[in-house]
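These notes concern the structure reproduced below.
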Amino acid sequence: MFAYVDETGNTGKNIFDPDQPEFFTAALITKTNFDVLHGRTLQSISMRAGVPALHASVVGMGPIESAAGDILSLLKKVDARFFVSRVEKRYLLATKVYDVFFDSGENPAASWSAYNIRPLKMILCFKVATLITEQIARDFWDMLMARNEKTARQKIPGICEALLAQVPTLADARSREVVTETLTWSRDHPEALDIFIAGRQAKNGHMPNMVAFANLLDGLEGFSKRWRRPLKKIVHDRQSQFEGSLAEWHMMFSNASDEPIHRPGETIVFQKVAGSTFEVSASDDSAGIQIADLVLWLFRQHLSGKRLPPASGRLLNYVLKKGYHSDFSFDGVGQQVEEQYRQIMATELTPEMEQVAQKMIADNEQHRRRMVAAYEEDGLMPYQRSPLKLAGEGKD
């Protein structure tokens with residue numbers, strides 16, 4: 001199995017570019033080496049369309065429409081599949097805010113259930129996102145991108161104060177309570193939060209490019225399992241800024257442990273695309289990357305509301321029918337959570353279930369208070385200690 005990847009929407013550190021609010025990655029996925037077996041065929045299609053190569057944003061709709069029918073026939077012949085990942089940059093920033101301040105392993109005042117139980121985490125994250133003004137967003141991003149740790153930590157109290165000023169806008173009292181406790185502790189303990197990483201390549205991990213790449217690896221792992229074929233190679237379009245980071249992340253995920261990690265309501269396996277190789281290539285040298293580029297261009301035309309001509313429309317319909325879409329955005333994640341947990345949320349609690357839930361809430365609150373008190377004594381974060389080390393913890 002082979003994957004050919006292209007991307008669009010890269011604005012580097014400037015994630016606030018109003019002209020590119022989203023970042024996209026697309027992959028052509030085939031069971032055989034598309035470049036080796038079909039590169040000449042695609043080149044012939046391009047020449048018949050009057051262009052040397054199918055760079056969609058360069059050649060425009062005319063040549064694309066002329067070539068679309070032949071490309072569709074080729075893709076059907078190879079039984080091609082596709083994966084498209086969208087990352088909404090504003091949603092990415094909101095999740096970063098939540099991870100920095102609400103991680104109960106790194107903030108003893110944070111609620112364990114509001115970070116470790118996925119539906120509760122998503123719901124509160126969406127609520128916290130409503131507190132983030134334009135200025136807060138920019139100040140927070142400046143903190144993540146700061147070149148030295150002292151500068152980064154100096155920004156924490158101001159960011160927390162600004163968020164706390166917005167808390168009264170939250171509709172329910174419990175959310176206001178949880179958010180206030182978490183942000184107040186963060187404001188008062190800027191020395192404790194794990195917010196600084198040094199080096200350009202390390203900071204690249206915050207960028208939409210890397211989130212989209214992680215989603216892509218997850219998608220490719222899914223295709224590999226469905227096809228019962230190992231992924232042999234990922235060929236990624238060449239772009240200098242993130243090549244090192246992409247290769248590093250591929251190595252990290254492909255060599256990670258395959259042991260499942262069980263969390264409330266979900267199971268996570270960090271290993272993806274084990275045994276595969278990763279390489280970069282210029283799109284002129286890869287027919288597969290040219291197809292991925294074309295898919296992205298048509299997909300974005302569709303999202304912008306433009307009407308595609310007939311052959312191009314049929315080509316995109318095939319892509320959508322044979323593809324999977326990862327949507328890391330407010331709308332996409334919100335819809336996913338609603339669909340996944342709608343029945344649970346709509347289920348009326350029995351008195352027995354409510355009693356169990358109330359006890360869990362009380363136990364979590366007791367644990368949270370002990371974590372806060374313990375930090376004041378020894379300066380250790382929750383992830384650095386076993387709960388059983390605390391006097392009384394783990395007893396009825």
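We name chains A, B, ... following the order of the structure tokens; residues begin at 1 in each chain, and ligands are numbered from 1 as shown.
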(request) Among the residues of stretch 169-312 of chain A, find those DSSP assigns to strand (DSSP E or B) from the backbone and print them as a list in words. (result) Lys233, Ile234, Val235, His236, Asp237, Ile261, His262, Arg263, Glu266, Thr267, Ile268, Thr277, Phe278, Glu279, Val280 and Ser281 of chain A
Kindly export the residues of the current selection with N, CA and C atoms, as a CSV table (one decimal), in the first residue's frame.
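Final output, out_32.csv:
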chain,number,residue,atom,x,y,z
A,233,LYS,N,5.0,2.8,1.8
A,233,LYS,CA,5.7,4.1,1.6
A,233,LYS,C,4.7,5.3,1.6
A,234,ILE,N,5.1,6.4,2.3
A,234,ILE,CA,4.5,7.7,2.2
A,234,ILE,C,5.4,8.6,1.4
A,235,VAL,N,4.8,9.2,0.3
A,235,VAL,CA,5.6,10.1,-0.5
A,235,VAL,C,4.9,11.5,-0.3
A,236,HIS,N,5.6,12.4,0.3
A,236,HIS,CA,5.0,13.7,0.7
A,236,HIS,C,5.6,14.8,-0.2
A,237,ASP,N,4.7,15.8,-0.6
A,237,ASP,CA,5.2,16.9,-1.4
A,237,ASP,C,6.3,17.7,-0.6
A,261,ILE,N,-4.1,1.6,25.0
A,261,ILE,CA,-4.3,2.4,26.3
A,261,ILE,C,-5.8,2.6,26.4
A,262,HIS,N,-6.3,2.1,27.5
A,262,HIS,CA,-7.8,2.2,27.8
A,262,HIS,C,-8.1,3.4,28.6
A,263,ARG,N,-8.9,4.3,28.1
A,263,ARG,CA,-9.4,5.5,28.8
A,263,ARG,C,-10.9,5.4,28.9
A,266,GLU,N,-12.9,5.2,25.6
A,266,GLU,CA,-12.1,5.1,24.4
A,266,GLU,C,-10.9,4.3,24.6
A,267,THR,N,-10.4,3.7,23.5
A,267,THR,CA,-9.1,3.0,23.5
A,267,THR,C,-8.2,3.6,22.5
A,268,ILE,N,-6.9,3.9,22.9
A,268,ILE,CA,-6.0,4.6,22.1
A,268,ILE,C,-4.8,3.7,21.8
A,277,THR,N,8.0,3.6,5.2
A,277,THR,CA,9.1,4.6,5.0
A,277,THR,C,8.4,5.9,4.6
A,278,PHE,N,9.2,7.0,4.8
A,278,PHE,CA,8.7,8.3,4.5
A,278,PHE,C,9.7,9.0,3.7
A,279,GLU,N,9.2,9.6,2.6
A,279,GLU,CA,10.2,10.4,1.7
A,279,GLU,C,9.4,11.6,1.2
A,280,VAL,N,10.2,12.6,0.8
A,280,VAL,CA,9.6,13.8,0.2
A,280,VAL,C,10.0,13.8,-1.3
A,281,SER,N,9.2,14.5,-2.1
A,281,SER,CA,9.4,14.5,-3.5
A,281,SER,C,8.8,15.8,-4.1
So that each row is one residue of stretch 95-128 of chain A with an atom at most 10 Å from stretch 182-189 of chain A, can you give its shortest atom pair and the distance in Å to one decimal, using only C-alpha atoms, rows by chain and rising number, as a tab-separated table?
residue	atom	partner	partner_atom	distance
A:Val100	CA	A:Ser186	CA	9.3
A:Phe101	CA	A:Ser186	CA	6.6
A:Phe102	CA	A:Thr182	CA	6.6
A:Asp103	CA	A:Thr182	CA	9.4
A:Ser104	CA	A:Thr182	CA	9.2
A:Asn107	CA	A:Ser186	CA	7.4
A:Pro108	CA	A:Thr182	CA	8.4
A:Ala109	CA	A:Thr182	CA	5.3
A:Ala110	CA	A:Thr182	CA	5.0
A:Ser111	CA	A:Thr182	CA	7.8
(message) Using only C-alpha atoms, which protein or nucleic acid residues come within 9 Å of A:Asp327? Drop anything in the same chain fewer than 3 positions from it, and give the result as a ChimeraX atom specification.
(response) /A:84-88,330-333
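With only C-alpha atoms as the atoms that count, the residue of A:Ala214, A:Leu220, A:Leu120, A:Ala192 with the shortest distance to A:Glu248 is A:Ala214.
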(message) Can you pull out the residues contacting A:Gly275? Cut-off 7 Å, using only C-alpha atoms, and skip same-chain residues under 2 positions away; I want them as a VMD selection string.
(response) chain A and resid 232 254 273 277
